[in-house]
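Q: One file: entry_30.txt (compact mmCIF, C-alpha atoms and all ligand atoms).
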# COMPACT_ATOMS: atom_id res chain seq x y z
CA MET A 7 39.16 95.21 90.18
CA PHE A 8 42.88 95.26 91.06
CA GLU A 9 45.09 92.22 91.17
CA LEU A 10 48.69 91.68 92.22
CA ALA A 11 51.06 90.36 89.56
CA ARG A 12 51.87 86.70 90.00
CA GLY A 13 55.17 85.46 91.34
CA LEU A 14 56.07 88.25 93.79
CA ASP A 15 58.60 86.80 96.21
CA PRO A 16 58.26 88.49 99.63
CA GLN A 17 61.44 86.90 101.05
CA ALA A 18 63.63 88.06 98.17
CA LEU A 19 62.09 91.54 98.31
CA ARG A 20 62.59 91.69 102.08
CA LYS A 21 66.32 91.06 101.64
CA ILE A 22 66.67 94.05 99.31
CA TYR A 23 64.55 96.27 101.54
CA ASP A 24 66.55 95.30 104.63
CA ALA A 25 69.85 95.96 102.88
CA HIS A 26 68.96 99.33 101.33
CA GLY A 27 65.80 100.65 102.97
CA ARG A 28 64.23 100.89 99.53
CA LEU A 29 63.32 98.72 96.58
CA GLN A 30 61.54 98.60 93.24
CA ILE A 31 59.02 96.00 92.18
CA THR A 32 59.00 96.30 88.40
CA ASP A 33 55.63 94.57 87.86
CA PHE A 34 53.40 95.15 90.85
CA LEU A 35 49.89 94.72 89.43
CA THR A 36 48.67 92.62 86.56
CA ARG A 37 49.13 94.58 83.35
CA GLU A 38 45.36 94.92 82.95
CA SER A 39 44.94 96.41 86.45
CA ALA A 40 47.79 98.86 85.92
CA LEU A 41 46.45 99.95 82.52
CA ALA A 42 42.98 100.50 83.96
CA LEU A 43 44.40 102.69 86.72
CA TYR A 44 46.59 104.63 84.28
CA GLU A 45 43.71 105.23 81.88
CA ASP A 46 41.47 106.36 84.71
CA LEU A 47 44.04 108.94 85.84
CA ALA A 48 44.87 110.06 82.32
CA GLN A 49 41.23 110.92 81.56
CA SER A 50 40.29 112.30 84.98
CA THR A 51 38.99 115.86 85.29
CA GLU A 52 39.58 115.89 89.07
CA TRP A 53 43.19 117.10 88.88
CA ARG A 54 44.07 120.26 90.80
CA LEU A 55 47.40 122.02 91.09
CA THR A 56 48.87 121.79 94.57
CA VAL A 57 51.71 123.96 95.90
CA ASN A 58 52.83 124.69 99.42
CA ARG A 59 53.38 128.08 100.95
CA GLY A 60 55.58 127.19 103.90
CA GLU A 61 53.53 124.74 105.96
CA GLU A 62 50.31 125.60 104.21
CA ILE A 63 49.08 123.41 101.32
CA LEU A 64 47.18 125.21 98.57
CA HIS A 65 45.03 123.80 95.77
CA PHE A 66 43.97 125.52 92.55
CA GLY A 67 41.46 124.37 89.95
CA LEU A 68 43.12 124.15 86.55
CA ASP A 69 40.23 126.06 84.92
CA GLU A 70 40.62 128.82 87.50
CA LEU A 71 44.36 129.07 86.80
CA GLY A 72 43.68 129.44 83.10
CA LEU A 73 41.71 132.62 83.85
CA TRP A 74 44.39 134.29 85.98
CA GLU A 75 45.93 137.56 84.88
CA PRO A 76 49.58 137.02 83.81
CA ALA A 77 50.75 139.18 86.73
CA LYS A 78 49.03 136.90 89.25
CA ALA A 79 50.45 133.76 87.60
CA GLU A 80 53.89 135.35 87.74
CA LEU A 81 53.54 136.01 91.46
CA LEU A 82 52.77 132.34 92.06
CA GLU A 83 55.71 131.34 89.85
CA LYS A 84 58.04 133.60 91.84
CA ALA A 85 56.74 132.33 95.18
CA VAL A 86 57.27 128.70 94.10
CA THR A 87 60.77 129.17 92.71
CA SER A 88 61.96 131.31 95.62
CA GLY A 89 60.37 128.85 98.09
CA GLY A 90 62.25 125.97 96.49
CA ARG A 91 65.62 127.70 96.29
CA PHE A 92 66.59 126.91 99.88
CA GLY A 93 63.49 125.33 101.40
CA PHE A 94 60.87 122.64 101.13
CA GLN A 95 58.68 123.29 98.11
CA PHE A 96 56.47 121.35 95.76
CA ARG A 97 54.31 121.93 92.71
CA TYR A 98 52.35 119.17 91.01
CA ASP A 99 48.79 118.11 90.18
CA VAL A 100 46.92 115.96 92.65
CA ILE A 101 43.72 113.98 93.15
CA ARG A 102 42.91 113.34 96.77
CA LYS A 103 40.33 110.79 97.71
CA ALA A 104 37.10 112.55 98.52
CA GLU A 105 33.64 111.36 99.45
CA GLY A 106 31.61 110.85 96.33
CA SER A 107 34.65 111.04 94.06
CA ASP A 108 34.26 108.68 91.15
CA GLY A 109 37.27 107.15 89.47
CA LEU A 110 39.57 104.37 90.62
CA LEU A 111 41.49 106.08 93.42
CA THR A 112 39.07 104.93 96.13
CA PRO A 113 38.99 101.29 94.91
CA PHE A 114 42.79 101.37 94.63
CA THR A 115 43.12 102.65 98.20
CA GLU A 116 40.86 99.82 99.36
CA PHE A 117 43.01 97.35 97.42
CA MET A 118 46.16 98.69 99.15
CA CYS A 119 44.36 98.19 102.49
CA SER A 120 43.25 94.61 101.69
CA ASP A 121 44.68 91.79 103.83
CA ASN A 122 46.48 90.35 100.85
CA VAL A 123 48.38 93.55 100.04
CA LEU A 124 49.01 94.58 103.66
CA ASP A 125 50.38 91.09 104.40
CA LEU A 126 52.79 91.51 101.49
CA MET A 127 53.80 95.02 102.62
CA ARG A 128 54.42 93.85 106.19
CA ALA A 129 56.45 90.91 104.89
CA ILE A 130 58.59 93.14 102.67
CA THR A 131 59.17 95.96 105.15
CA GLY A 132 59.20 93.94 108.38
CA ALA A 133 56.97 96.67 109.85
CA ASP A 134 54.48 94.34 111.53
CA ASP A 135 52.40 97.17 112.91
CA VAL A 136 51.37 98.52 109.48
CA SER A 137 47.58 98.45 109.57
CA PHE A 138 46.54 100.58 106.61
CA ALA A 139 47.73 102.52 103.58
CA ASP A 140 46.64 105.95 102.41
CA ALA A 141 46.79 107.06 98.78
CA HIS A 142 46.61 110.07 96.51
CA ALA A 143 47.26 110.42 92.80
CA SER A 144 49.96 112.71 91.47
CA ARG A 145 50.66 114.10 88.03
CA TYR A 146 53.92 115.93 87.39
CA ARG A 147 54.08 118.05 84.25
CA ALA A 148 56.97 120.21 82.98
CA GLY A 149 58.06 122.52 85.80
CA HIS A 150 56.62 120.32 88.54
CA PHE A 151 58.87 119.09 91.35
CA LEU A 152 59.16 118.19 95.03
CA THR A 153 62.27 119.29 96.89
CA THR A 154 64.21 117.18 99.38
CA HIS A 155 62.29 116.00 102.46
CA ASP A 156 62.08 112.82 104.54
CA ASP A 157 58.30 112.16 104.84
CA ARG A 158 58.53 112.14 108.63
CA VAL A 159 55.39 113.25 110.46
CA ASP A 160 55.50 111.67 113.89
CA SER A 161 51.74 111.72 114.46
CA MET A 162 51.00 109.87 111.20
CA GLY A 163 52.60 106.50 111.93
CA ARG A 164 54.29 106.36 108.52
CA ARG A 165 56.50 103.28 108.35
CA ALA A 166 57.25 103.33 104.63
CA ALA A 167 56.32 105.32 101.55
CA TYR A 168 55.18 103.78 98.29
CA VAL A 169 54.91 105.15 94.76
CA LEU A 170 53.25 103.25 91.92
CA ASN A 171 54.41 104.86 88.67
CA LEU A 172 51.98 104.59 85.78
CA THR A 173 53.24 106.53 82.76
CA PRO A 174 53.71 103.89 80.04
CA LYS A 175 57.13 105.15 78.86
CA TRP A 176 59.49 107.53 80.62
CA ARG A 177 63.01 108.69 79.88
CA PRO A 178 65.41 109.83 82.59
CA ASP A 179 66.14 112.94 80.50
CA TRP A 180 62.59 114.04 81.16
CA GLY A 181 63.38 114.59 84.88
CA GLY A 182 60.84 113.45 87.47
CA LEU A 183 63.33 111.03 89.04
CA LEU A 184 62.78 109.85 92.58
CA GLN A 185 66.22 110.50 94.07
CA PHE A 186 67.70 109.50 97.43
CA PHE A 187 70.52 111.42 99.09
CA ASP A 188 73.22 110.79 101.64
CA SER A 189 74.22 113.34 104.26
CA ARG A 190 76.61 115.07 101.82
CA GLY A 191 73.79 115.61 99.34
CA ASP A 192 75.14 113.06 96.90
CA VAL A 193 72.51 111.02 95.07
CA VAL A 194 72.86 107.44 96.27
CA ARG A 195 70.07 106.04 94.12
CA ALA A 196 67.61 107.38 91.58
CA PHE A 197 64.50 105.56 90.39
CA THR A 198 63.28 106.39 86.89
CA PRO A 199 59.48 106.16 86.79
CA GLY A 200 58.53 102.85 85.17
CA PHE A 201 55.05 101.70 84.19
CA ASN A 202 53.50 99.50 86.89
CA THR A 203 56.65 99.82 89.01
CA LEU A 204 56.15 100.13 92.75
CA ASN A 205 58.85 101.93 94.72
CA ILE A 206 58.84 101.32 98.45
CA PHE A 207 61.16 103.09 100.88
CA ARG A 208 61.62 103.39 104.59
CA VAL A 209 60.56 106.60 106.37
CA PRO A 210 62.41 108.80 107.33
CA GLN A 211 64.82 109.04 104.42
CA ALA A 212 65.93 112.08 102.36
CA HIS A 213 64.47 112.10 98.85
CA ASN A 214 63.03 114.38 96.19
CA VAL A 215 61.34 114.33 92.80
CA SER A 216 63.55 116.15 90.34
CA TRP A 217 62.15 118.97 88.18
CA VAL A 218 60.22 117.61 85.19
CA THR A 219 61.88 119.18 82.17
CA PRO A 220 60.28 120.64 79.04
CA LEU A 221 61.54 117.51 77.26
CA ALA A 222 58.87 115.40 78.97
CA GLY A 223 56.71 113.76 76.34
CA ALA A 224 53.96 112.85 78.82
CA PRO A 225 52.91 113.67 82.36
CA ARG A 226 54.39 111.55 85.15
CA TYR A 227 51.42 109.74 86.66
CA ALA A 228 51.59 107.93 90.00
CA VAL A 229 49.53 106.78 92.93
CA THR A 230 51.45 107.32 96.10
CA GLY A 231 51.02 107.20 99.86
CA TRP A 232 52.30 105.66 103.05
CA LEU A 233 52.08 102.33 104.83
CA ARG A 234 50.93 103.36 108.27
CA ALA A 235 50.52 102.12 111.82
CA ASN A 236 47.68 103.37 113.98
CA SER A 237 49.35 106.10 115.96
O1 LIG B 1 56.35 110.67 93.41
C1 LIG B 1 57.34 110.21 93.98
O2 LIG B 1 58.17 109.49 93.42
C2 LIG B 1 57.61 110.56 95.44
C3 LIG B 1 56.60 111.49 96.04
C4 LIG B 1 56.97 111.89 97.45
O3 LIG B 1 58.09 111.77 97.88
C5 LIG B 1 55.95 112.46 98.33
O4 LIG B 1 54.82 112.72 97.85
O5 LIG B 1 56.25 112.66 99.51
FE FE B 2 58.14 111.98 99.97
Could you show the structure in this file as structure tokens?

A:
Amino acid sequence: MFELARGLDPQALRKIYDAHGRLQITDFLTRESALALYEDLAQSTEWRLTVNRGEEILHFGLDELGLWEPAKAELLEKAVTSGGRFGFQFRYDVIRKAEGSDGLLTPFTEFMCSDNVLDLMRAITGADDVSFADAHASRYRAGHFLTTHDDRVDSMGRRAAYVLNLTPKWRPDWGGLLQFFDSRGDVVRAFTPGFNTLNIFRVPQAHNVSWVTPLAGAPRYAVTGWLRANS
């Protein structure tokens, strides 16, 4: 089903990862595999809106949201914007792998957990104890975002994060950049979502996804997760 692009050079990638704690692989899958995954996500009806309320993670069906009274929608809007002003906040659409879910997310997760891919991930990151990868799909539309955080959850054994971007064409003006920060809050690197581009970065490390602007001509599709050790 899914195939790695040919010619990936683990040693060269390892050098970049070691030097910066992050890297981009601009063609990760074969074009056919990446297109199949993109098309599957673009036509899926399994998307739900996810937002956090403090530590709590909420999900809303998109049909359900369409039926909300304007006053209720406004309350959610206010909660999300005030939550993000000084704290950790996100809002985007998600598909989480679930028993019986059709679509390509489960086969893709299995692909990420295959010996071939895990060998490559261990070679790139040097994290020899990585034994599996988890995955969920994300879709950021205008007004979606994820404020600065470092992905650290000690009990989860996260060694590195990965993001496979799948929108065929993206412009930095559309927002949705994966940004990395130093301790002063300066952006030290920003990755513009690129089709079939895999971003990998060491955990913990401060990063965010910038607000997707009304200029966005398409949703920002990705499959993302963590390379994990059994903890
Ligand atoms: O979508 C991305 O580029 C990053 C997502 C992320 O940082 C996360 O889900 O924790
Ligand atoms: Fe993150």

Q: Could you list, as a list in words, every residue within 7 Å of Trp217 in chain A, counting all atoms listed in the file and ignoring same-chain residues fewer than 5 positions away?

A: Gly149, His150, Phe151, Gly181 and Gly182 of chain A

Q: Please identify the residues whose atoms come within 12 Å of ligand FE 2 (chain B), using only C-alpha atoms and all ligand atoms, and report them as an MDAnalysis selection string.

A: chainID A and resid 94:96 144 151:159 164 166:169 184:186 205:216 230:232

Q: Near Asp134 in chain A, within 9 Å and counting all atoms listed in the file, which residues show up once chain neighbours fewer than 4 positions away are dropped, as a list in words?

A: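 Residues near the query, excluding close chain neighbours: Asp125, Met127, Arg128, Ala129 and Ala235 of chain A.
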
Q: Go through A:Ala18, A:Ile101, A:Leu124, A:Val86 and flag the residue nearest Asn58 in chain A, using only C-alpha atoms for the distances.

A: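 Checking each of A:Ala18, A:Ile101, A:Leu124, A:Val86 against Asn58 in chain A, counting only C-alpha atoms, the winner is A:Val86.
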
Q: For CA of Thr131 in chain A and CA of Ala11 in chain A, determine how far apart the two atoms are, in Å to one decimal place.

A: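 The value is 18.4 Å.
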